[in-house]
Every structure is written in C-alpha cells, then in structure tokens.
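Next comes query.tsv, with TSV, C-alpha atoms.
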```tsv
chain	number	residue	atom	x	y	z
A	9	MET	CA	-7.11	5.97	8.41
A	10	GLU	CA	-6.04	6.75	4.85
A	11	ILE	CA	-7.87	5.75	1.67
A	12	TYR	CA	-6.28	5.42	-1.77
A	13	ARG	CA	-7.61	4.60	-5.20
A	14	VAL	CA	-5.59	1.70	-6.64
A	15	GLY	CA	-5.25	-0.68	-9.54
A	16	GLY	CA	-7.14	-0.47	-12.81
A	17	ALA	CA	-8.79	2.87	-12.15
A	18	VAL	CA	-5.44	4.63	-11.77
A	19	ARG	CA	-3.86	2.71	-14.66
A	20	ASP	CA	-6.68	3.36	-17.11
A	21	ARG	CA	-6.91	7.05	-16.25
A	22	LEU	CA	-3.20	7.45	-16.94
A	23	LEU	CA	-3.67	5.68	-20.28
A	24	GLY	CA	-6.57	7.96	-21.17
A	25	LEU	CA	-9.07	5.09	-21.11
A	26	PRO	CA	-12.57	5.11	-19.59
A	27	VAL	CA	-12.45	4.13	-15.92
A	28	THR	CA	-14.86	1.25	-15.38
A	29	GLU	CA	-13.58	-0.24	-12.13
A	30	LYS	CA	-12.90	1.55	-8.88
A	31	ASP	CA	-10.92	-0.25	-6.21
A	32	TRP	CA	-9.83	1.29	-2.94
A	33	VAL	CA	-7.31	0.29	-0.30
A	34	VAL	CA	-7.57	1.43	3.30
A	35	VAL	CA	-4.41	1.92	5.33
A	36	GLY	CA	-4.28	2.23	9.11
A	37	ALA	CA	-7.72	0.83	9.92
A	38	SER	CA	-9.11	-2.27	11.57
A	39	PRO	CA	-12.19	-4.27	10.56
A	40	GLN	CA	-14.08	-2.90	13.54
A	41	GLU	CA	-13.33	0.69	12.53
A	42	MET	CA	-14.74	0.00	9.07
A	43	LEU	CA	-17.90	-1.49	10.54
A	44	ASP	CA	-18.26	1.47	12.90
A	45	ARG	CA	-18.20	3.79	9.88
A	46	GLY	CA	-21.10	1.94	8.26
A	47	TYR	CA	-19.17	-0.27	5.81
A	48	LYS	CA	-20.47	-3.79	5.24
A	49	GLN	CA	-17.95	-6.63	5.35
A	50	VAL	CA	-18.09	-9.12	2.48
A	51	GLY	CA	-14.66	-10.79	2.55
A	52	LYS	CA	-13.98	-13.89	4.60
A	53	ASP	CA	-10.35	-14.69	3.79
A	54	PHE	CA	-9.39	-11.03	4.06
A	55	PRO	CA	-11.50	-8.02	5.02
A	56	VAL	CA	-13.23	-6.35	2.08
A	57	PHE	CA	-15.97	-3.83	2.77
A	58	LEU	CA	-18.70	-2.18	0.75
A	59	HIS	CA	-19.09	1.57	1.00
A	60	PRO	CA	-22.42	2.39	2.68
A	61	GLU	CA	-23.43	4.79	-0.13
A	62	THR	CA	-21.59	3.86	-3.35
A	63	GLY	CA	-21.33	0.11	-2.80
A	64	GLU	CA	-17.74	0.21	-4.06
A	65	GLU	CA	-15.19	-2.20	-2.58
A	66	TYR	CA	-12.70	-1.04	0.03
A	67	ALA	CA	-10.03	-3.55	1.05
A	68	LEU	CA	-7.82	-3.22	4.09
A	69	ALA	CA	-4.13	-3.06	3.23
A	70	ARG	CA	-2.73	-6.58	3.45
A	71	THR	CA	0.23	-8.84	2.90
A	72	GLU	CA	0.05	-12.47	1.82
A	73	ARG	CA	2.04	-15.64	2.31
A	74	LYS	CA	2.11	-18.70	0.06
A	75	THR	CA	0.78	-21.78	1.85
A	76	GLY	CA	0.07	-24.23	-0.95
A	77	PRO	CA	0.03	-24.78	-4.72
A	78	GLY	CA	-2.20	-22.88	-7.11
A	79	TYR	CA	-3.89	-19.54	-6.69
A	80	THR	CA	-5.95	-20.47	-3.61
A	81	GLY	CA	-2.99	-21.44	-1.44
A	82	PHE	CA	-2.48	-18.13	0.37
A	83	ALA	CA	-2.72	-16.79	3.88
A	84	PHE	CA	-3.58	-13.10	4.13
A	85	HIS	CA	-2.61	-10.76	6.92
A	86	THR	CA	-4.25	-7.40	7.60
A	87	SER	CA	-3.23	-4.92	10.25
A	88	PRO	CA	-3.33	-1.15	10.76
A	89	ASP	CA	0.48	-1.33	10.72
A	90	ILE	CA	0.70	-2.53	7.10
A	91	THR	CA	1.87	0.25	4.80
A	92	LEU	CA	0.57	1.20	1.39
A	93	GLU	CA	3.90	0.17	-0.14
A	94	GLN	CA	3.60	-3.29	1.38
A	95	ASP	CA	0.11	-3.67	-0.05
A	96	LEU	CA	1.21	-2.53	-3.52
A	97	GLU	CA	4.15	-4.93	-3.47
A	98	ARG	CA	1.84	-7.96	-3.50
A	99	ARG	CA	0.18	-6.85	-6.77
A	100	ASP	CA	0.94	-8.52	-10.09
A	101	LEU	CA	2.26	-5.85	-12.47
A	102	THR	CA	3.90	-2.50	-11.89
A	103	ILE	CA	1.21	-0.76	-13.95
A	104	ASN	CA	-1.37	-2.11	-11.48
A	105	ALA	CA	0.66	-1.09	-8.41
A	106	ILE	CA	0.06	2.65	-8.57
A	107	ALA	CA	-2.06	4.34	-5.89
A	108	GLU	CA	-3.76	7.73	-5.97
A	109	ALA	CA	-4.35	9.85	-2.86
A	110	PRO	CA	-7.53	11.93	-2.45
A	111	ASP	CA	-5.65	15.06	-3.57
A	112	GLY	CA	-4.53	13.37	-6.81
A	113	THR	CA	-0.99	12.61	-5.70
A	114	LEU	CA	0.33	9.36	-7.19
A	115	ILE	CA	2.21	6.89	-5.03
A	116	ASP	CA	4.30	4.76	-7.36
A	117	PRO	CA	7.06	2.90	-5.49
A	118	TYR	CA	7.54	0.30	-8.24
A	119	HIS	CA	7.77	2.70	-11.22
A	120	GLY	CA	4.51	1.73	-12.86
A	121	GLN	CA	4.23	5.10	-14.61
A	122	GLU	CA	7.55	4.51	-16.36
A	123	ASP	CA	6.35	1.11	-17.56
A	124	LEU	CA	3.06	2.62	-18.76
A	125	GLN	CA	4.98	5.11	-20.87
A	126	ALA	CA	7.35	2.43	-22.16
A	127	GLY	CA	4.54	-0.06	-22.84
A	128	LEU	CA	5.92	-2.77	-20.58
A	129	LEU	CA	4.18	-5.50	-18.62
A	130	ARG	CA	6.57	-6.14	-15.73
A	131	HIS	CA	6.05	-8.09	-12.51
A	132	VAL	CA	6.33	-6.16	-9.25
A	133	SER	CA	8.28	-8.73	-7.24
A	134	PRO	CA	9.29	-12.40	-7.20
A	135	ALA	CA	6.01	-13.07	-5.35
A	136	PHE	CA	4.38	-12.93	-8.80
A	137	ALA	CA	5.43	-16.57	-9.22
A	138	GLU	CA	3.21	-17.68	-6.36
A	139	ASP	CA	-0.06	-17.20	-8.26
A	140	PRO	CA	-0.55	-18.93	-11.66
A	141	VAL	CA	-3.61	-16.79	-12.45
A	142	ARG	CA	-1.15	-13.97	-13.01
A	143	ILE	CA	0.07	-15.70	-16.17
A	144	LEU	CA	-3.46	-15.48	-17.54
A	145	ARG	CA	-3.77	-11.86	-16.42
A	146	VAL	CA	-0.55	-10.89	-18.19
A	147	ALA	CA	-1.82	-12.57	-21.36
A	148	ARG	CA	-5.13	-10.75	-21.04
A	149	PHE	CA	-3.48	-7.36	-20.45
A	150	ALA	CA	-1.23	-8.00	-23.45
A	151	ALA	CA	-4.38	-8.51	-25.55
A	152	ARG	CA	-6.11	-5.47	-24.14
A	153	PHE	CA	-3.15	-3.12	-24.49
A	154	ASN	CA	-1.78	-4.49	-27.74
A	155	LYS	CA	-3.12	-1.37	-29.44
A	156	PHE	CA	-0.62	0.57	-27.34
A	157	ASP	CA	2.11	-1.90	-28.35
A	158	PHE	CA	2.60	-3.24	-24.81
A	159	LYS	CA	5.12	-6.05	-24.46
A	160	VAL	CA	5.89	-8.55	-21.71
A	161	THR	CA	9.39	-7.93	-20.36
A	162	HIS	CA	11.97	-10.68	-20.80
A	163	ALA	CA	12.32	-11.06	-17.04
A	164	THR	CA	8.57	-11.49	-16.53
A	165	ASN	CA	8.30	-13.95	-19.39
A	166	ALA	CA	11.22	-15.94	-17.94
A	167	LEU	CA	9.47	-16.03	-14.58
A	168	MET	CA	6.25	-17.25	-16.20
A	169	ARG	CA	8.16	-19.99	-18.03
A	170	GLN	CA	9.63	-21.05	-14.71
A	171	MET	CA	6.15	-21.17	-13.18
A	172	VAL	CA	4.94	-23.40	-16.02
A	173	SER	CA	7.92	-25.74	-15.66
A	174	HIS	CA	7.23	-26.02	-11.92
A	175	GLY	CA	3.66	-27.15	-12.64
A	176	GLU	CA	1.88	-24.10	-11.20
A	177	VAL	CA	-0.39	-23.83	-14.26
A	178	ASP	CA	-1.67	-27.36	-13.59
A	179	HIS	CA	-3.48	-26.03	-10.51
A	180	LEU	CA	-5.61	-23.47	-12.36
A	181	VAL	CA	-9.33	-24.14	-12.04
A	182	PRO	CA	-11.37	-24.23	-15.27
A	183	GLU	CA	-13.64	-21.33	-14.35
A	184	ARG	CA	-10.72	-18.98	-13.79
A	185	VAL	CA	-9.10	-19.86	-17.12
A	186	TRP	CA	-12.39	-19.21	-18.89
A	187	SER	CA	-12.95	-15.95	-17.02
A	188	GLU	CA	-9.65	-14.53	-18.24
A	189	LEU	CA	-10.12	-15.87	-21.77
A	190	GLU	CA	-13.61	-14.38	-22.03
A	191	LYS	CA	-12.22	-10.98	-21.03
A	192	ALA	CA	-9.49	-11.32	-23.64
A	193	LEU	CA	-12.04	-12.20	-26.33
A	194	VAL	CA	-13.61	-8.74	-26.15
A	195	THR	CA	-10.32	-6.90	-26.68
A	196	ASP	CA	-9.09	-5.50	-29.98
A	197	SER	CA	-6.39	-8.19	-30.22
A	198	PRO	CA	-7.76	-11.42	-28.72
A	199	GLN	CA	-5.11	-13.52	-30.48
A	200	LYS	CA	-2.46	-11.91	-28.30
A	201	PHE	CA	-3.79	-13.80	-25.28
A	202	PHE	CA	-2.68	-17.05	-26.87
A	203	THR	CA	0.62	-15.80	-28.28
A	204	VAL	CA	1.70	-14.73	-24.79
A	205	LEU	CA	0.72	-18.14	-23.40
A	206	ARG	CA	2.71	-19.73	-26.21
A	207	GLY	CA	5.71	-17.58	-25.35
A	208	CYS	CA	5.87	-18.89	-21.78
A	209	ASP	CA	5.01	-22.54	-22.66
A	210	ALA	CA	1.58	-22.37	-21.00
A	211	LEU	CA	-0.32	-22.84	-24.26
A	212	ALA	CA	0.69	-26.49	-24.57
A	213	VAL	CA	-0.60	-27.15	-21.06
A	214	LEU	CA	-3.87	-25.23	-21.25
A	215	PHE	CA	-4.78	-25.29	-24.95
A	216	PRO	CA	-2.93	-28.19	-26.64
A	217	GLU	CA	-5.33	-27.97	-29.59
A	218	ILE	CA	-4.17	-24.44	-30.39
A	219	ASN	CA	-0.57	-25.35	-29.69
A	220	HIS	CA	-0.92	-28.14	-32.26
A	221	ASP	CA	-1.90	-25.51	-34.84
A	222	TYR	CA	1.32	-23.66	-34.03
A	223	GLU	CA	3.40	-26.78	-34.56
A	224	GLY	CA	1.76	-27.41	-37.91
A	225	HIS	CA	2.21	-23.77	-38.90
A	226	GLY	CA	5.86	-23.65	-37.97
A	227	GLN	CA	5.78	-20.21	-36.37
A	228	ALA	CA	6.22	-19.66	-32.65
A	229	HIS	CA	6.04	-15.91	-32.29
A	230	ASP	CA	3.62	-13.06	-32.70
A	231	GLY	CA	4.80	-11.94	-36.11
A	232	PRO	CA	3.09	-10.90	-39.32
A	233	SER	CA	1.20	-14.17	-39.55
A	234	PHE	CA	-0.30	-16.68	-37.14
A	235	PRO	CA	-1.53	-20.26	-37.22
A	236	PRO	CA	-4.87	-20.40	-39.09
A	237	ALA	CA	-7.05	-20.41	-35.97
A	238	LEU	CA	-5.34	-17.38	-34.45
A	239	GLU	CA	-5.35	-15.59	-37.80
A	240	VAL	CA	-9.12	-16.01	-37.90
A	241	LEU	CA	-9.42	-14.92	-34.28
A	242	LYS	CA	-7.44	-11.78	-35.11
A	243	THR	CA	-9.69	-11.09	-38.11
A	244	SER	CA	-12.82	-11.72	-36.05
A	245	ALA	CA	-12.22	-8.51	-34.10
A	246	ALA	CA	-13.03	-6.55	-37.26
A	247	PHE	CA	-16.19	-8.55	-37.99
A	248	SER	CA	-17.92	-8.80	-34.64
A	249	ASP	CA	-17.59	-7.51	-31.08
A	250	ASP	CA	-19.53	-10.53	-29.80
A	251	PRO	CA	-17.14	-12.77	-27.80
A	252	CYS	CA	-19.36	-15.77	-28.52
A	253	VAL	CA	-18.88	-15.29	-32.27
A	254	ARG	CA	-15.15	-14.73	-31.86
A	255	PHE	CA	-14.75	-17.89	-29.79
A	256	ALA	CA	-16.73	-19.98	-32.28
A	257	ALA	CA	-14.68	-18.60	-35.17
A	258	LEU	CA	-11.51	-19.68	-33.35
A	259	ILE	CA	-12.84	-23.17	-32.61
A	260	ASN	CA	-14.27	-23.56	-36.12
A	261	THR	CA	-10.81	-23.08	-37.62
A	262	LEU	CA	-8.92	-25.41	-35.27
A	263	GLY	CA	-7.63	-28.62	-36.76
A	264	ASN	CA	-8.62	-28.03	-40.38
A	265	ASP	CA	-6.41	-30.99	-41.25
A	266	LEU	CA	-8.75	-33.27	-39.29
A	267	ASP	CA	-12.07	-34.83	-40.30
A	268	GLU	CA	-15.33	-33.30	-39.09
A	269	ASP	CA	-16.05	-35.85	-36.36
A	270	THR	CA	-12.57	-35.46	-34.90
A	271	ARG	CA	-12.86	-31.68	-34.96
A	272	ILE	CA	-16.23	-31.82	-33.19
A	273	ASN	CA	-14.84	-34.16	-30.53
A	274	GLN	CA	-11.79	-31.96	-30.09
A	275	ALA	CA	-13.93	-28.84	-29.72
A	276	GLY	CA	-16.25	-30.56	-27.29
A	277	THR	CA	-13.31	-31.70	-25.17
A	278	LEU	CA	-11.89	-28.18	-25.02
A	279	CYS	CA	-15.25	-26.71	-24.03
A	280	LYS	CA	-15.77	-29.31	-21.31
A	281	ARG	CA	-12.25	-28.81	-19.97
A	282	PHE	CA	-12.96	-25.19	-19.11
A	283	ARG	CA	-16.69	-25.57	-18.45
A	284	ILE	CA	-17.41	-23.03	-21.14
A	285	PRO	CA	-21.00	-21.70	-21.09
A	286	ASN	CA	-23.59	-23.54	-23.14
A	287	ASP	CA	-24.27	-20.73	-25.63
A	288	TYR	CA	-20.56	-20.56	-26.52
A	289	THR	CA	-20.24	-24.33	-26.79
A	290	ARG	CA	-23.43	-24.76	-28.80
A	291	LEU	CA	-22.42	-22.12	-31.34
A	292	ALA	CA	-18.88	-23.45	-31.71
A	293	LEU	CA	-20.05	-27.02	-32.34
A	294	ALA	CA	-22.85	-25.95	-34.66
A	295	ALA	CA	-20.42	-23.95	-36.79
A	296	ILE	CA	-18.30	-27.05	-37.37
A	297	ARG	CA	-21.24	-29.37	-37.92
A	298	LEU	CA	-23.12	-27.13	-40.37
A	299	ALA	CA	-20.24	-25.65	-42.38
A	300	HIS	CA	-20.70	-28.10	-45.26
A	301	ARG	CA	-24.35	-27.07	-45.64
A	302	ALA	CA	-23.39	-23.41	-45.68
A	303	HIS	CA	-21.10	-24.17	-48.63
A	304	SER	CA	-23.90	-25.86	-50.57
A	305	GLY	CA	-26.19	-24.01	-52.93
A	306	ILE	CA	-28.81	-26.78	-52.91
A	307	ALA	CA	-32.22	-25.69	-51.60
A	308	LYS	CA	-32.61	-28.75	-49.36
A	309	ASP	CA	-29.24	-28.09	-47.73
A	310	THR	CA	-30.12	-24.44	-47.22
A	311	LEU	CA	-33.36	-25.37	-45.47
A	312	LEU	CA	-31.56	-27.94	-43.28
A	313	LEU	CA	-28.98	-25.28	-42.44
A	314	MET	CA	-31.76	-22.91	-41.37
A	315	GLU	CA	-33.57	-25.52	-39.33
A	316	SER	CA	-30.48	-26.87	-37.61
A	317	GLY	CA	-29.10	-23.38	-37.11
A	318	GLY	CA	-32.19	-22.17	-35.26
A	319	ALA	CA	-33.32	-19.75	-37.97
A	320	PHE	CA	-36.99	-20.21	-37.12
A	321	LYS	CA	-36.73	-20.76	-33.36
A	322	ASN	CA	-33.59	-19.04	-32.06
A	323	THR	CA	-32.91	-15.93	-34.07
A	324	ARG	CA	-29.95	-14.84	-31.93
A	325	HIS	CA	-28.18	-18.18	-32.42
A	326	TRP	CA	-28.86	-18.06	-36.17
A	327	GLN	CA	-27.48	-14.53	-36.50
A	328	ARG	CA	-24.39	-15.53	-34.58
A	329	LEU	CA	-23.92	-18.62	-36.73
A	330	LEU	CA	-24.00	-16.55	-39.91
A	331	ALA	CA	-21.54	-14.14	-38.31
A	332	VAL	CA	-19.17	-17.04	-37.62
A	333	PHE	CA	-19.43	-18.24	-41.20
A	334	THR	CA	-18.76	-14.72	-42.47
A	335	THR	CA	-15.81	-14.26	-40.13
A	336	THR	CA	-14.21	-17.54	-41.15
A	337	GLY	CA	-14.80	-16.94	-44.86
A	338	ILE	CA	-17.24	-19.80	-45.28
A	339	LEU	CA	-19.81	-17.23	-46.45
A	340	ASN	CA	-19.36	-13.77	-47.87
A	341	GLN	CA	-21.49	-10.93	-46.54
A	342	THR	CA	-23.73	-10.90	-49.60
A	343	ARG	CA	-24.61	-14.56	-49.13
A	344	ALA	CA	-25.17	-14.10	-45.41
A	345	ASP	CA	-27.51	-11.15	-46.02
A	346	LYS	CA	-29.42	-13.20	-48.58
A	347	LEU	CA	-29.83	-16.05	-46.09
A	348	MET	CA	-31.20	-13.61	-43.52
A	349	ALA	CA	-33.72	-12.30	-46.06
A	350	LEU	CA	-34.70	-15.86	-46.97
A	351	THR	CA	-35.12	-16.68	-43.30
A	352	GLU	CA	-37.56	-13.84	-42.83
A	353	LYS	CA	-39.64	-14.92	-45.81
A	354	ALA	CA	-39.56	-18.63	-45.01
A	355	GLY	CA	-40.25	-17.98	-41.34
A	356	GLY	CA	-43.38	-16.09	-42.28
A	357	ILE	CA	-44.99	-19.20	-43.75
A	358	ASN	CA	-47.58	-20.63	-41.36
A	359	ALA	CA	-50.52	-23.03	-41.21
A	360	ALA	CA	-53.00	-20.37	-42.37
A	361	GLN	CA	-51.32	-20.33	-45.77
A	362	LEU	CA	-51.77	-24.05	-46.40
A	363	ASP	CA	-54.19	-25.06	-49.15
A	364	ASP	CA	-55.32	-28.09	-47.17
A	365	GLN	CA	-56.76	-26.86	-43.86
A	366	SER	CA	-57.72	-30.39	-42.83
A	367	LEU	CA	-54.13	-31.31	-41.97
A	368	ARG	CA	-53.37	-32.10	-38.36
A	369	GLY	CA	-50.31	-32.70	-36.18
A	370	PRO	CA	-46.98	-33.46	-37.84
A	371	ALA	CA	-48.57	-33.18	-41.28
A	372	ILE	CA	-48.92	-29.42	-40.78
A	373	GLY	CA	-45.23	-29.03	-40.05
A	374	GLU	CA	-44.29	-31.12	-43.07
A	375	ALA	CA	-46.56	-29.09	-45.34
A	376	ILE	CA	-45.02	-25.84	-44.07
A	377	ARG	CA	-41.61	-27.31	-44.71
A	378	VAL	CA	-42.55	-28.12	-48.31
A	379	LEU	CA	-43.62	-24.52	-48.87
A	380	ARG	CA	-40.39	-23.21	-47.33
A	381	LEU	CA	-38.34	-25.50	-49.53
A	382	GLN	CA	-40.25	-24.35	-52.59
A	383	LEU	CA	-39.69	-20.69	-51.65
A	384	ILE	CA	-35.94	-21.24	-51.17
A	385	ASP	CA	-35.67	-23.14	-54.46
A	386	GLU	CA	-37.42	-20.34	-56.36
A	387	THR	CA	-35.68	-17.45	-54.61
A	388	ASP	CA	-32.19	-18.64	-53.84
```

As structure tokens, the full file:
Amino acid sequence: MEIYRVGGAVRDRLLGLPVTEKDWVVVGASPQEMLDRGYKQVGKDFPVFLHPETGEEYALARTERKTGPGYTGFAFHTSPDITLEQDLERRDLTINAIAEAPDGTLIDPYHGQEDLQAGLLRHVSPAFAEDPVRILRVARFAARFNKFDFKVTHATNALMRQMVSHGEVDHLVPERVWSELEKALVTDSPQKFFTVLRGCDALAVLFPEINHDYEGHGQAHDGPSFPPALEVLKTSAAFSDDPCVRFAALINTLGNDLDEDTRINQAGTLCKRFRIPNDYTRLALAAIRLAHRAHSGIAKDTLLLMESGGAFKNTRHWQRLLAVFTTTGILNQTRADKLMALTEKAGGINAAQLDDQSLRGPAIGEAIRVLRLQLIDETD
C-alpha cells in the first residue's frame, strides 16, 4: 500500500501559497485493508476513508467511466491494481494532477509543474469534457490565480466551448454553480470567473443577465475595461473581503439601463435560479431597492433608509449595505461613516427619553421615531 499527497496541497505548496486542504490517494489497497487499519469509510459511490487520528480524507486510487449527462453520470472503479498515473489522469487540470510521495518526491506524469511555471490552466485529458463542473472550476482557478497571470490554454478553452455547445452546462445543478461562484467571490480577481465563462460561451447559459451587460458594453474579452457590473465587481475586491458585499455590488450594478422594478425582478430571478443563500439575496435586493434613499439628503429619507436597511435591528446587514453603497459609488466613505455615527446616536434613543411617559404600544415607537428624525435633521 502506497500513500501520496495529491491535488491542491501539492499545487499550492509549489506556488508558495498556504496549504489549506490535504487530500491523499491510496494505491494498492482494498476497502477492507483500509478498515483493518482503523480508517472509517465515508464514500458510497467510491471508497473514501477518514484517517483514524487526523480525520483527513484518503481516497483509493480509481478510474471513472461516463454513464450519463452532467457531473453525476459516472461509474467509478477502484482496485489495488489501479496505478497512481491512472488516478491522476482522471483529474481536471495538469496543475492538480501532481502527487507527492512521503519522501517529497513529485510524481508529475502530465507536466503540471511546467504549467505552474508557465501560468497555464490546461486539461489533463479529453475526459475533462465529461464533467461540466470542470468549466466552473477552471473559471474559479482563473480568478484565484489571476494574480499570477494564469491563463486558460486555447485547447482547454476550445474543449469547454465544445462542452457548452453539446449542452453539458445545462445539466449543472444550482447548488454546484453557487458553490464555485462563492469560492470565486473571495479571490483577488472575482471578475475573472465571469470573463472565463464568457470566453467559452457558458456565461450566456448560466448568467444571461451578466452576458447582457457584455452585449451592451461591446467588449467580449478580459481587457483594460469590463462591462459596468464586472468593473464594480473587480473594484469591490479593494473595498471589502466579504463575498456577500461583493455579490451585492455586482447585482446592484446589473442592468442600470432598466427601471428599478425590472432590476429587482431580474436580481430575484438570478438568486432563485441558483438557490443563493438568503443573506446574499436579501442584501442584493435591498441595495437596489434603497439606492435612491441613499442618494437623498432629506432627513426623512435617511431615517427610512436606516429603518429599511436594518440599522436598528440588524447591524451586520446595515454595515454590509453601506459597504455595497460605498463599493458601487452610491456613497463616498465620508458619507457612509457619517451614517454609521448617526445610526449609533439615533439607535440610542429609547422610551426612557420620552417626555410623555404615559404613551403605550405603537405610540411609543412613533414618538421614538419623531426624536430620531429630529436628531437626523439637526445633525445631518
């Protein structure tokens, strides 16, 4: 039985990045041997085991065969006879198909080290085309490694275009699309995720709203400028590391040529399509709905903005909302800081400060609101 470190851990170490994931492949072993050594089996479709001490995942070397459309249509085969090279061949990119032996020796049959040095995202074999999730992974890796100037090879991009034309992308499940997008949102270059999808024609299938921005902008490549929404997404990386804020900034800028109701409906449709989490959806829709109040300098509008934006009940949502407005240029930082200071003062007003202590029920809330409005009018 031989054990090798594989995938992201090897890749990231070679790039000089922190190693956050540790995956292992076991060659020459059977499921029973793993169980006899104290490993706990967790995989059903193919044997994956948890180390009895570290809890890290150890997968038996395997091959796979396409049995149906999409990324779930596979049959996996494991056997002690399967070689490390056969296991590595089924992986997506050459940079992810490097293994490391216990003594540090690298096994690199598909020249992943060369592609790491050249900054290339290249598919390992034609089997890449069997799994549409790999298109999303390439886009995500392009976003993550854009700071190293990684590029998708022409051959890989051509293969992805072929996959799109054959309808493979249509079989992606919403949760998997969102999972890859969310990972891309926390990179230094989240806009790259979409430019790669645009380059292989997948953007029009998955995100027609963003593709529409491209068509209106008249630019179809990752050059010095982007469509407005992607330009804002690019800028958002310098303003906030919160993926929720970055996503809302993107959505807030989509379809600026449309009226507010249409933009809200469009954003809601996109969020439903990929079953995007509620906190992301709520922030994105709120940013569109409340933008006109953020522009206003009228005290009543400012109070309504605070109330609707959760300033007094959901501080995290309110802070994120202001971050979205700052990122998109709706507010400058000075104005956002002033609104935060006003929120603290207005939020401190309570029933004990009312002149009329005989008030009850809704009348108390209305009286507090009057005092808050007065404070904003005098201070703002």

One decimal, Å: what's the distance from atom CA of Tyr12 of chain A over to atom CA of Ala109 of chain A, could you say?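 Going from atom CA of Tyr12 of chain A over to atom CA of Ala109 of chain A covers 5.0 Å.
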
So, with all atoms listed in the file as the atoms that count, which of A:Leu144, A:His162, A:Pro285, A:Ser173 lies closest to Thr203 of chain A?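 For Thr203 of chain A, the nearest of the candidates is A:Leu144.
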
Using only C-alpha atoms, can you tell me which of A:Glu217, A:Glu122, A:Asp249, A:Asp388 comes closest to Ile306 of chain A?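 For Ile306 of chain A, the nearest of the candidates is A:Asp388.
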
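The space separating atom CA of Ala307 of chain A from atom CA of Ile338 of chain A comes to 17.3 Å.
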
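Among the candidate residues A:Ala295, A:Arg380, A:Pro88, A:Arg21, the one lying nearest to Lys353 of chain A is A:Arg380, with distances computed using all atoms listed in the file.
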
If I take atom CA of Lys52 of chain A and atom CA of Glu176 of chain A, how far is one from the other in Å, to one decimal?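 Taking atom CA of Lys52 of chain A as the start and atom CA of Glu176 of chain A as the end point, the length is 24.6 Å.
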
Would you list the residues near (-36.4, -17.3, -55.1), meaning any protein, DNA or RNA residue with an atom at most 12 Å from that point in file coordinates, counting only C-alpha atoms, as a tab-separated table (two decimals) with C-alpha atoms, in the coordinates of the input?
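Wrote point_32.tsv, looks like this:
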```tsv
chain	number	residue	atom	x	y	z
A	307	ALA	CA	-32.22	-25.69	-51.60
A	346	LYS	CA	-29.42	-13.20	-48.58
A	347	LEU	CA	-29.83	-16.05	-46.09
A	349	ALA	CA	-33.72	-12.30	-46.06
A	350	LEU	CA	-34.70	-15.86	-46.97
A	351	THR	CA	-35.12	-16.68	-43.30
A	353	LYS	CA	-39.64	-14.92	-45.81
A	354	ALA	CA	-39.56	-18.63	-45.01
A	379	LEU	CA	-43.62	-24.52	-48.87
A	380	ARG	CA	-40.39	-23.21	-47.33
A	381	LEU	CA	-38.34	-25.50	-49.53
A	382	GLN	CA	-40.25	-24.35	-52.59
A	383	LEU	CA	-39.69	-20.69	-51.65
A	384	ILE	CA	-35.94	-21.24	-51.17
A	385	ASP	CA	-35.67	-23.14	-54.46
A	386	GLU	CA	-37.42	-20.34	-56.36
A	387	THR	CA	-35.68	-17.45	-54.61
A	388	ASP	CA	-32.19	-18.64	-53.84
```

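For His131 of chain A, the list of residues within 7 Å, based on all atoms listed in the file and with local chain neighbours fewer than 5 positions off taken out, reads A:Asp100, A:Leu101, A:Thr102, A:Phe136, A:Thr164.
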
I'd like the contact shell of Pro117 of chain A - 10 Å cut-off, all atoms listed in the file, skipping same-chain residues fewer than 6 positions apart - returned as a VMD selection string. chain A and resid 92 to 94 96 to 97 102 105 to 107 132

Using only C-alpha atoms, which residues sit within 12 Å of Leu193 of chain A once same-chain residues fewer than 6 positions away are excluded, as number ranges by chain? A: 147-152, 186-187, 199-202, 238, 241-242, 244-245, 248-258, 288
